[in-house]
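K.L.:
The structure that follows is given in the form of structure tokens.
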Amino acid sequence: MASSCPGCGRQDWHTELEVPEMFAGEVFAIERCEGCGLLRTAGDPTPEEIARYYDTTAAGADAGSRFRGVIEPLMRALRRWRLREVFAIRKEPGRILDVGCGRGVMLKALAEHGWDAHGIELAPEIAATARRSLGDHIYTTPIEDADLEPGSFDVISFWHVLEHLPNPLSALERARELLAPGGVILISVPNRDSWQARLFGPHWLHLDPPRHRWHFTPVTLEKVAQRAGLSWGTVSYFSFEYGPFGMLQSALSRAGLGHTLFTRVLRAGGRRRPWQNPYAWAHLALALPISAAAIASFPLEIFAAAAGRGGILTVVLRTR
């Protein structure tokens with residue numbers, strides 16, 4: 001991970017809070033840059049060290065069907081919702097690179113609409129699933145090292161990926177090089193300046209250390225973008241995928257029910273069946289208040305987004 005701040009270049013950090021990893025409870029420090037306020041998860045893990053924290057999410061199952069039962073088609077529909085964001089910035093089909101494309105659900109849908117769809121996915125098992133739909137348009141090297149032609153993409157997207165990268169500045173600099181004239185970069189990250197982040201503190205779901213290495217606000221993300229030679233464009237603060245869910249799950253965690261029900265109970269490939277998980281029974285016993293909280297999370301998050309304090313920040317960047 002970059003020792004100097006991607007937002008301002010300084011190397012002065014101090015610990016702001018400590019947050020447990022959601023599966024094993026290992027505690028990680030979240031540090032603030034003294035220069036610009038950008039937050040990072042302390043430490044500089046090797047690729048092998050960080051990989052073990054992704055194993056908890058059952059990467060093998062992720063390569064095929066990620067969630068149990070009816071949850072899988074629902075999540076696929078939410079992934080396809082991202083198409084609306086792409087179509088909002090470019091009506092005609094073009095050439096897109098999705099960094100961290102996962103199983104390629106969005107890219108496959110774009111290809112069906114005439115797009116020349118390419119993706120980067122570092123997990124080999126998941127990349128293999130994407131290749132079944134998109135062939136050799138899926139690459140398994142970081143964007144900085146990918147053998148791609150400069151100036152060749154109309155859209156480059158980072159959907160909840162930038163916060164995972166060792167060096168977001170170098171990734172955005174490389175993305176800028178790959179943009180065609182008039183091209184755009186589309187980024188979506190958790191918003192550390194959101195009401196849910198401030199309300200739930202270390203219980204906020206989207207802190208997620210150490211998988212999330214960086215924790216952006218609109219101000220700090222803009223600073224990184226500017227250093228990469230990019231200008232700030234259209235911004236939105238609501239996400240059907242992650243906004244209300246982040247508020248609901250953070251509230252459950254603060255109430256002592258943990259973060260892991262939806263990852264360990266609802267995801268396919270887990271070692272235990274849903275009824276073998278004690279958290280599942282705790283949630284079942286509280287089904288009525290949890291259902292009420294789930295319903296309430298939508299209008300609350302919509303109101304927060306309208307005030308510019310939604311849980312997810314999505315922005316369009318252009319070359320300066």
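By convention in this document, the chains of the structure tokens carry letters A, B, ... by their order, each chain's residues are numbered from 1, and ligands are numbered from 1 in the order they are shown.
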Which neighbours of A:Ala109 fall inside 12 Å, counting only C-alpha atoms, when residues of the same chain fewer than 3 positions from it are skipped, and could you give them as a VMD selection string?
P.N.:
chain A and resid 76 to 77 79 to 84 86 to 87 93 103 to 106 112 to 118 130 133 to 134
K.L.:
DSSP on the backbone, then: every residue of stretch 156-320 of chain A marked strand (DSSP E or B), written as a ChimeraX atom specification.
P.N.:
/A:156-159,179-190,214-215,230-236,267,312-319
K.L.:
Just checking: using only C-alpha atoms, which residue out of A:Ile302, A:Val219, A:Val99, A:Ala42 ends up closest to A:Gly243?
P.N.:
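So, comparing all the options, the nearest one is A:Ile302.
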K.L.:
If you measure from atom CA of A:Ala175 to atom CA of A:Phe216, what distance in Å do you get, rounded to one decimal?
P.N.:
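Separating atom CA of A:Ala175 from atom CA of A:Phe216 is a distance of 18.5 Å.
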K.L.:
With distances taken over only C-alpha atoms, which residue among A:Leu97, A:Leu317, A:His164, A:Gln11 lies nearest A:Tyr139?
P.N.:
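Answer, going by the shortest atom-to-atom distance: A:Leu97.
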K.L.:
Smallest atom-to-atom distance to A:Gly102: which of A:Phe158, A:Arg211, A:Ser239, A:Ala146, using only C-alpha atoms?
P.N.:
A:Phe158
K.L.:
Mind the document's chain letters and residue numbers, and return as a ChimeraX atom specification the residues of stretch 5-150 of chain A that DSSP labels helix (DSSP H, G or I).
P.N.:
/A:47-57,59-62,71-80,82-89,105-112,124-137
K.L.:
For A:His203, which residue out of A:Ser231, A:Ser253, A:Ser170, A:Ser4 is the nearest one, using only C-alpha atoms?
P.N.:
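Of A:Ser231, A:Ser253, A:Ser170, A:Ser4, the one nearest A:His203, counting only C-alpha atoms, is A:Ser253.
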K.L.:
So, with only C-alpha atoms as the atoms that count, which of A:Pro244, A:Pro47, A:Gly311, A:Pro168 lies closest to A:Arg213?
P.N.:
A:Pro168
K.L.:
Report, in Å to a single decimal, how far apart atom CA of A:Glu121 and atom CA of A:Arg52 are.
P.N.:
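For atom CA of A:Arg52 relative to atom CA of A:Glu121, the distance reads 16.8 Å.
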K.L.:
Using only C-alpha atoms, which residue out of A:Ala292, A:Pro210, A:Arg254, A:Gly233 lies closest to A:Ala24?
P.N.:
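Under the stated criterion, the closest residue is A:Pro210.
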K.L.:
Just how far from atom CA of A:Ala29 is atom CA of A:Pro45, in Å to one decimal?
P.N.:
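These two atoms are separated by 13.5 Å.
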K.L.:
Would you mind listing what lies within 10 Å of A:Leu38 as a list in words, with only C-alpha atoms counted and same-chain residues fewer than 6 positions away left out?
P.N.:
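The contact residues come out as Cys5, Pro6, Gly7, Cys8, Trp13, Glu31, Arg32, Arg192, Trp214, His215, Phe216, Thr217, Val219, Thr220, Leu221, Lys223 and Val224 of chain A.
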K.L.:
Which residues come within 6 Å of A:Val155, counting only C-alpha atoms, excluding same-chain residues fewer than 5 positions away, as a ChimeraX atom specification?
P.N.:
/A:96,183-185
K.L.:
Store the residues picked out above in a file with N, CA and C atoms, as a compact mmCIF listing (two decimals), in the first residue's frame.
P.N.:
```txt
# COMPACT_ATOMS: atom_id res chain seq x y z
N ILE A 96 -15.92 -0.44 -23.02
CA ILE A 96 -15.88 -0.26 -21.57
C ILE A 96 -14.89 -1.23 -20.94
N GLY A 183 -13.77 10.35 -23.05
CA GLY A 183 -14.14 9.23 -22.20
C GLY A 183 -14.32 9.63 -20.75
N VAL A 184 -14.92 8.75 -19.96
CA VAL A 184 -15.21 9.04 -18.56
C VAL A 184 -14.82 7.86 -17.69
N ILE A 185 -14.55 8.17 -16.43
CA ILE A 185 -14.31 7.16 -15.41
C ILE A 185 -15.47 7.21 -14.43
```
K.L.:
For A:Glu301, please output as a list in words all residues within 9 Å (counting only C-alpha atoms; exclusion window: fewer than 3 positions along the same chain).
P.N.:
Trp195, Gln196, Phe238, Gly243, Pro244, Met247, Ala296, Ser297, Phe298, Ala304, Ala305, Ala306, Arg309, Gly310 and Gly311 of chain A
